[in-house]
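Structure file start_10.cif (mmCIF, C-alpha atoms) is printed below.
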```cif
data_my_file
loop_
_atom_site.group_PDB
_atom_site.id
_atom_site.type_symbol
_atom_site.label_atom_id
_atom_site.label_comp_id
_atom_site.auth_asym_id
_atom_site.auth_seq_id
_atom_site.Cartn_x
_atom_site.Cartn_y
_atom_site.Cartn_z
ATOM 1 C CA MET A 1 20.722 33.853 -15.987
ATOM 2 C CA TYR A 2 19.772 33.089 -19.580
ATOM 3 C CA GLU A 3 22.654 35.218 -20.927
ATOM 4 C CA TYR A 4 25.093 33.393 -18.647
ATOM 5 C CA GLU A 5 23.994 30.018 -20.065
ATOM 6 C CA ILE A 6 24.379 31.314 -23.614
ATOM 7 C CA ALA A 7 27.885 32.534 -22.798
ATOM 8 C CA MET A 8 28.821 29.210 -21.216
ATOM 9 C CA ASN A 9 27.459 27.263 -24.217
ATOM 10 C CA ARG A 10 29.365 29.554 -26.570
ATOM 11 C CA ALA A 11 32.583 29.047 -24.616
ATOM 12 C CA ALA A 12 32.102 25.280 -24.633
ATOM 13 C CA ASP A 13 31.449 25.375 -28.385
ATOM 14 C CA LEU A 14 34.625 27.382 -29.008
ATOM 15 C CA ILE A 15 36.653 24.948 -26.913
ATOM 16 C CA ARG A 16 35.151 22.018 -28.839
ATOM 17 C CA ARG A 17 35.965 23.626 -32.202
ATOM 18 C CA ALA A 18 39.521 24.437 -31.148
ATOM 19 C CA ASP A 19 39.997 20.838 -30.030
ATOM 20 C CA GLU A 20 38.680 19.505 -33.360
ATOM 21 C CA GLU A 21 40.984 21.823 -35.317
ATOM 22 C CA ARG A 22 43.950 20.764 -33.192
ATOM 23 C CA ARG A 23 43.167 17.086 -33.820
ATOM 24 C CA ALA A 24 42.864 17.744 -37.559
ATOM 25 C CA ARG A 25 46.268 19.486 -37.625
ATOM 26 C CA GLU A 26 47.824 16.609 -35.689
ATOM 27 C CA ALA A 27 46.345 14.068 -38.124
ATOM 28 C CA VAL A 28 47.776 15.974 -41.085
ATOM 29 C CA ARG A 29 51.155 16.225 -39.342
ATOM 30 C CA ARG A 30 51.161 12.464 -38.637
ATOM 31 C CA ALA A 31 50.212 11.654 -42.232
ATOM 32 C CA ARG A 32 53.029 13.852 -43.541
ATOM 33 C CA ALA A 33 55.525 12.249 -41.176
ATOM 34 C CA ALA A 34 54.427 8.757 -42.214
ATOM 35 C CA ARG A 35 54.669 9.685 -45.893
ATOM 36 C CA ARG A 36 58.166 11.138 -45.408
ATOM 37 C CA GLU A 37 59.257 8.057 -43.492
ATOM 38 C CA THR A 38 57.949 5.761 -46.221
ATOM 39 C CA GLU A 39 59.667 7.799 -48.937
ATOM 40 C CA ALA A 40 62.927 7.869 -47.000
ATOM 41 C CA ARG A 41 62.803 4.141 -46.379
ATOM 42 C CA GLY A 42 62.114 3.449 -50.049
ATOM 43 C CA ALA A 43 64.868 5.788 -51.270
ATOM 44 C CA GLU A 44 67.340 4.311 -48.810
ATOM 45 C CA HIS A 45 66.508 0.806 -49.911
ATOM 46 C CA GLU A 46 66.898 1.572 -53.618
ATOM 47 C CA SER A 47 70.073 3.582 -53.254
ATOM 48 C CA HIS A 48 71.847 0.734 -51.461
ATOM 49 C CA SER A 49 70.700 -2.126 -53.629
ATOM 50 C CA ARG A 50 73.337 -4.258 -55.321
ATOM 51 C CA ARG A 51 71.189 -5.076 -58.318
ATOM 52 C CA ARG A 52 72.340 -3.505 -61.556
ATOM 53 C CA HIS A 53 70.157 -0.808 -62.944
ATOM 54 C CA ARG A 54 68.014 -1.571 -65.912
ATOM 55 C CA PRO A 55 69.327 -0.139 -69.207
ATOM 56 C CA ARG A 56 67.657 3.074 -70.247
ATOM 57 C CA PHE A 57 67.255 2.141 -73.927
ATOM 58 C CA ALA A 58 66.301 -1.117 -75.630
ATOM 59 C CA ARG A 59 69.042 -3.034 -77.429
ATOM 60 C CA ALA A 60 69.374 -2.604 -81.150
ATOM 61 C CA VAL A 61 68.981 -5.840 -83.070
#
```

As a first step, turn the structure in this file into structure tokens.
Amino acid sequence: MYEYEIAMNRAADLIRRADEERRAREAVRRARAARRETEARGAEHESHSRRRHRPRFARAV
């Protein structure tokens, strides 16, 4: 009976760990997706702006 309880606790622990690892992977995936979306939104906004670009070099006096 004692060995059965140990096995059940071990199985529950493995399930818990797998669930935590899955949640961690999902959080990383969501963060990456949010970062990509932010970068895409920013690049899209800049590429379609009508404002003239700033000169690369300062004017000579």

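Across the structure, CA of Ala58 (chain A) and CA of Glu39 (chain A) are spaced 28.9 Å apart.
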
Correct to one decimal, the distance CA of Ile15 (chain A)-CA of Ala31 (chain A) is 24.4 Å

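Taking CA of Glu37 (chain A) and CA of Arg23 (chain A) as endpoints, the distance between them is 20.8 Å.
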
Missing atoms of region 17-34 of chain A rebuilt to N, CA and C atoms, written as a compact mmCIF listing (two decimals), in the frame of the given file:
```
# COMPACT_ATOMS: atom_id res chain seq x y z
N ARG A 17 35.45 23.35 -30.85
CA ARG A 17 35.97 23.63 -32.20
C ARG A 17 37.49 23.69 -32.21
N ALA A 18 38.06 24.35 -31.22
CA ALA A 18 39.52 24.44 -31.15
C ALA A 18 40.14 23.05 -31.00
N ASP A 19 39.50 22.20 -30.21
CA ASP A 19 40.00 20.84 -30.03
C ASP A 19 39.93 20.05 -31.34
N GLU A 20 38.82 20.19 -32.08
CA GLU A 20 38.68 19.50 -33.36
C GLU A 20 39.73 19.99 -34.37
N GLU A 21 39.98 21.28 -34.40
CA GLU A 21 40.98 21.82 -35.32
C GLU A 21 42.38 21.33 -34.93
N ARG A 22 42.65 21.26 -33.65
CA ARG A 22 43.95 20.76 -33.19
C ARG A 22 44.13 19.31 -33.60
N ARG A 23 43.09 18.50 -33.42
CA ARG A 23 43.17 17.09 -33.82
C ARG A 23 43.37 16.94 -35.32
N ALA A 24 42.70 17.80 -36.11
CA ALA A 24 42.86 17.74 -37.56
C ALA A 24 44.30 18.09 -37.95
N ARG A 25 44.88 19.11 -37.33
CA ARG A 25 46.27 19.49 -37.62
C ARG A 25 47.22 18.36 -37.25
N GLU A 26 46.98 17.72 -36.11
CA GLU A 26 47.82 16.61 -35.69
C GLU A 26 47.72 15.44 -36.66
N ALA A 27 46.52 15.16 -37.17
CA ALA A 27 46.34 14.07 -38.12
C ALA A 27 47.11 14.36 -39.41
N VAL A 28 47.04 15.60 -39.87
CA VAL A 28 47.78 15.97 -41.08
C VAL A 28 49.27 15.85 -40.84
N ARG A 29 49.73 16.30 -39.69
CA ARG A 29 51.16 16.23 -39.34
C ARG A 29 51.62 14.77 -39.30
N ARG A 30 50.80 13.89 -38.70
CA ARG A 30 51.16 12.46 -38.64
C ARG A 30 51.21 11.84 -40.02
N ALA A 31 50.24 12.20 -40.87
CA ALA A 31 50.21 11.65 -42.23
C ALA A 31 51.45 12.09 -43.01
N ARG A 32 51.82 13.36 -42.87
CA ARG A 32 53.03 13.85 -43.54
C ARG A 32 54.26 13.12 -43.05
N ALA A 33 54.36 12.93 -41.74
CA ALA A 33 55.52 12.25 -41.18
C ALA A 33 55.59 10.80 -41.67
N ALA A 34 54.45 10.14 -41.73
CA ALA A 34 54.43 8.76 -42.21
C ALA A 34 54.82 8.69 -43.69
```
